[in-house]
Each structure stands twice: as structure tokens, then as C-alpha cells.
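First up is the structure itself, then whatever we jot down about it.
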Amino acid sequence: MSSEESPQITRRTTRLSAANSENAVDSSKSCALKPLSVNDLLYGNSPISLEELISSFPGRRGQIIELMSLLGPVNSPMFPTFVYGGSSTGKTSIVLNIFRHLRRPFVYASCITCYSPRILFESILNQLMLHRKSDSNGYSSIKRCDKPSDFVNLLREALSGVIGTLQGNAEKAGSKKAARWPNGKMVYLIFDSLNLVKEWEKSSTILPFLFNLYDILRMPEVGLIFISNNSLDTYYADTGFVEPFPFHFPDYSEDDLRQILLKHQVNKNLYSSFLDVVLRPFCRITRRVNELSTALLPLFKKYCEPLGDLGAVPNEDMKRKLYGHLQRHIAPSLNETFRVSAGLTSGASRSKDNERKGIVKKLEACTSSNELDFHMSTSAKFLLISAFLASRNPATLDASFFDSTGGSDNRKRKRKSSAKSLEQKETAEQELLMKGPGTFPLERLLAIFQCLTSVAEYSPDVEGQGNRATMGDSGYIGSHVLLQLSSLCNANFITKGGSCPLEGSTRYRSNVSEDMVLKVARSVKFPLSKYLYRR
């Protein structure tokens with residue numbers, strides 16, 4: 001780098017990388033940054049081809065092509081689009097790289113960093129008005145904006161300026177600099193992690209406002225894209241708005257995960273033989289790429305320990321040897337994914353005894369009719385039991401079942417009842433049986449889970465050794481418990497439905513049978529019949 005040059009720090013550079021770049025030069029030179037232009041509304045330094053885009057995201061060719069068709073040709077108006085799917089399914093990365101391929105200008109605002117309405121509004125205005133926070137302006141925004149009404153007026157003004165600049169560039173399309181200019185005169189607003197807005201204090205007004213923004217602006221040159229982890233039916237509002245077009249990103253299949261994990265491996269044959277052993281059991285727990293990469297990294301190192309040359313292509317004999325070396329590490333690693341020690345489950349202790357005896361059997365051969373034929377952590381088992389009880393027991397009986405004595409105070413339930421009350425109970429039970437499993441909110445599930453783990457022969461504090469406990473003495477529910485709930489939903493043990501119009505919270509339903517839950521309860525020595533409501 002010459003003495004006259006200074007590193008360019010675009011708006012999309014992170015604060016950490018920007019700080020490192022500024023520390024590398026003198027403070028007087030760091031202030032001599034080039035002013036921002038409409039070119040800074042593009043993503044990436046250079047566009048990528050469609051083939052590069054599709055090859056960068058294995059298993060997402062259909063989503064990429066369909067999303068590009070929703071964006072339409074250059075300068076074509078688009079209906080607001082709602083992109084949703086589970087975490088780590090490639091939603092944000094694919095959307096941003098599609099805009100890099102199309103070379104269209106957009107403004108990106110993540111509700112993770114923009115954690116309040118004011119920060120969200122000012123972040124969008126700063127990008128559209130080409131304003132960079134620096135020492136010269138006291139790291140302040142170009143406009144202070146707290147109210148949605150003020151934001152609409154300032155947004156119209158900023159969008160009109162950008163659209164006018166883009167139209168002027170389009171008239172100069174024959175010049176040599178046109179290749180570096182944005183393509184078209186459309187401007188897109190991308191709101192990422194929209195599900196976090198529901199946790200804001202003014203979410204009841206901000207969410208309908210964002211969904212109505214397209215109708216409020218009435219500017220065909222503006223496109224809106226919302227990205228969320230939750231489906232559109234969870235955003236219930238009584239104010240009324242035109243629902244955006246929903247676009248779903250499904251979870252990766254096992255073959256897609258294999259392609260993604262193999263993409264950056266040096267010895268693909270060796271890693272493919274490793275995935276043949278571990279990928280399927282881990283996919284039953286999680287299908288998130290980041291979690292799988294983290295969990296499989298230490299296992300792959302164990303898998304390669306007998307090898308002297310990591311570049312060798314293993315044959316069948318070597319694969320069997322490597323599998324035998326890795327086998328004893330798989331079950332503890334599965335438990336570690338759920339923050340659970342392998343010694344907490346009876347199935348793990350039986351596997352250790354079998355290893356000492358040198359017996360290698362299939363899972364189906366070593367399990368009886370009263371035992372589970374699949375792996376599940378202890379915390380997940382208690383969550384499954386809690387969900388079953390929440391679906392089968394009436395909510396009005398929670399106080400009697402899950403009191404301070406752990407449901408052992410039978411005197412409360414053996415009080416004499418009148419004939420009318422008994423008849424009402426029988427009628428209610430018959431209606432409950434006809435309706436099937438009921439729905440329940442997350443708060444009730446976590447409350448039952450806390451009660452069960454407090455009275456059972458199981459302490460969540462033990463499973464959280466070395467990490468944050470699932471529930472400490474203060475009743476704190478760790479985030480990994482919610483992760484286990486998400487995994488149970490992905491495995492279809494629990495169904496996640498829409499939100500209740502009155503409560504406004506997401507509701508769940510247990511899908512497992514009573515026989516299945518009895519097996520789970522026996523595996524953790526939990527007295528299920530003591531807490532199950534029967535006539």
C-alpha cells in the first residue's frame with residue numbers, strides 16, 4: 001500500500017475489522033476516507049455468476065431459482081416477500097448473494113444488532129443517505145428518529161434521493177463506469193431476524209407497521225424482504241395488514257449436509273468414510289450446519305488418530321479399523337451435544353459394560369420391548385414427558401399435580417366431591433378424550449419441566465457441569481433447553497403450531513403415544529402414572 005492510499009472501510013465492514021484497519025494507519029490518515037456513494041449499497045466487491053452462486057450453497061438450487069423469479073427482471077416491482085425457515089438453513093447468506101449476483105442495491109438491517117425501533121430506523125436512514133459514523137460527527141446518526149411517522153417521512157425523502165441517483169446512472173449506461181454501477185433503479189429493504197422484534201417493548205405496533213410499510217410508502221421502486229426463523233402465522237396482529245408472500249427454506253436433508261460438510265475438506269474420501277459412520281445419528285439430534293461442524297470436529301480428530309498419513313485413501317479394512325477406534329466416542333459426543341453427561345442414562349452405562357466385555361451388537365438386538373430403540377439425552381426425555389403431561393392433563397390441575405410436595409399430597413385430590421361436580425369432571429374428561437392431545441404454551445411446558453426435574457432422581461445442575469446449568473437454584477432455564485425443544489419439534493415428537501389470538505404466544509402439542517412416554521419414563525426411573533390425570 002502506498003503512502004497516499006488508505007484502506008477503504010465500507011458500511012458493511014464489521015466494527016472489529018474496521019478497528020483493526022484503523023489501527024494499522026495513522027489517525028490523521030484514517031479520517032481521509034472516501035465519501036460513500038450508491039455503489040456502497042451493493043454487496044461484495046464484484047458480482048458472481050449463477051453457477052458460482054448455486055455451487056456455493058449445496059441443496060439450495062430450487063430456492064435460489066425461485067427466489068430470483070420472485071425478484072423478477074430489472075426494474076420490475078415486487079410484492080413484499082417473507083422468507084422463513086429454521087436457524088442455519090442459509091436464508092440470509094443466499095438472499096445477500098443473490099443480490100450480489102444480480103448487482104442490485106439494497107439496505108440491510110438485522111434486528112440482532114438493531115435491537116430497538118430507533119436503532120433500526122436510524123440504521124436504514126444512515127445507509128440510504130450515505131452517512132458514515134465517524135469521529136468527525138461524534139459517531140452520531142444523520143437523523144434522530146424515534147417515531148414510525150417520522151421514519152416514514154425521512155424514508156420517503158431518502159429513497160427519492162437514491163432512486164433519482166440510480167435513474168441518472170441508468171441514463172449514462174453507455175459510459176465505461178456503468179459496469180461498476182448498481183443494476184436498475186429498484187431499492188430493496190431487507191429486515192433480517194424479524195422474529196426478534198416480538199421481544200421488543202413496542203412489538204405490537206412495530207410489526208404491523210413494518211408489514212404495512214409497502215402500502216404506506218406507495219413507491220413501486222421499493223421492494224421489501226423480511227427474513228425470520230418463525231413462520232408467518234406466528235405474527236398475529238389485530239390491526240390488519242396485507243400478508244407478504246411466504247417463502248420457506250426447509251431444513252437440509254442428510255445428503256445436503258454431506259455435500260456441505262465435504263465442501264471444504266482436503267481429503268474428501270477420508271471425510272466421506274467418517275460421515276458414513278457419524279452423520280446419521282447426529283442428524284437425528286440436529287441438522288444445523290454450525291452445530292454439526294462444531295460437534296464433528298473433535299470426532300474427526302479421533303477418527304484420524306490411527307492414521308499416519310492424513311492424505312491416504314482408506315480401504316475397507318482401514319475403514320473398519322477406524323470405526324472400531326471411534327465407536328466408543330460417538331455416544332458421549334451425542335450426549336455432549338445436548339449438554340448431558342453420558343453417565344446419566346442407563347443406556348450409556350449398559351454400552352460401557354458391553355465394551356468391557358468386548359461385545360459389539362446392534363442397537364435393536366440389545367434392547368427389549370420396554371427400552372427405547374434410539375438415543376435421547378436425559379434432558380430431552382424430561383422435556384418429552386413434560387410435553388406429554390401438558391397435552392394430556394387439564395391446565396386447571398397443574399397446581400394439584402405439581403405442587404411443592406411433587407404431587408404426593410393425595411389428600412387434596414381425595415376430597416369428597418358432589419355428584420354434580422363428579423358428573424362435570426366425567427363430561428370434561430370425555431370431551432378431552434374426543435379432542436385428543438391439547439395444546440399448551442411454552443411457559444407451561446417449562447414450568448412442568450422444572451417441577452419434574454426438581455422431584456425426580458435427576459439434577460439438571462449435574463448435566464450442566466462445565467457449562468451453564470439448565471436450571472439453577474433461581475429457576476433459570478438455559479438456552480440449550482430451548483435448543484432441545486427445537487430438536488424435538490424437528491423430530492416431530494412435538495408439533496409447533498400457530499399463536500393463540502388471545503394470548504399471543506406460540507403453542508405446542510405432543511405427538512407421542514402413552515406407550516412411548518412410558519418407555520421414556522422407565523429409562524429415567526420417573527413415576528409417570530403419579531402425574532397423569534385419569535378418571
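Identifiers in the C-alpha cells: chain A, B, ... in order shown; residue index from 1 per chain; ligand index from 1 in order shown.
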- Message: Show me, as a ChimeraX atom specification, the residues that have an atom within 8 Å of segment 489-492 of chain A when counting only C-alpha atoms, minus same-chain residues fewer than 5 positions from it.
- Response: /A:284-285,511
Keeping N, CA and C atoms, export the residues of the selection given above as a PDB file, in the first residue's frame.
```pdb
ATOM      1  N   ARG A 284     -30.246 -36.996  13.672  1.00  0.00           N
ATOM      2  CA  ARG A 284     -31.439 -37.201  14.476  1.00  0.00           C
ATOM      3  C   ARG A 284     -31.533 -36.186  15.611  1.00  0.00           C
ATOM      4  N   ILE A 285     -30.418 -35.586  15.961  1.00  0.00           N
ATOM      5  CA  ILE A 285     -30.385 -34.607  17.046  1.00  0.00           C
ATOM      6  C   ILE A 285     -30.477 -33.187  16.510  1.00  0.00           C
ATOM      7  N   ASN A 511     -46.964 -35.275  20.232  1.00  0.00           N
ATOM      8  CA  ASN A 511     -47.400 -36.242  19.226  1.00  0.00           C
ATOM      9  C   ASN A 511     -47.141 -37.692  19.623  1.00  0.00           C
TER      10      ASN A 511
END
```
- Polymer residues at most 12 Å from Gln327 of chain A, only C-alpha atoms, same-chain spacing of 2 or more positions, as a list in words: Phe274, Val277, Val278, Leu299, Phe300, Lys302, Tyr303, Lys319, Arg320, Lys321, Leu322, Tyr323, Gly324, His325, His329, Ile330, Ala331, Pro332, Ser333, Leu334, Ser351, Lys352, Glu355, Val360 and Lys361 of chain A
- Task: Write out as a ChimeraX atom specification the residues lying within 10 Å of segment 160-163 of chain A, counting only C-alpha atoms and excluding same-chain residues fewer than 4 positions away.
- Result: /A:37-38,41,105,128-130,154-156,167-169,184-187,219,221-222
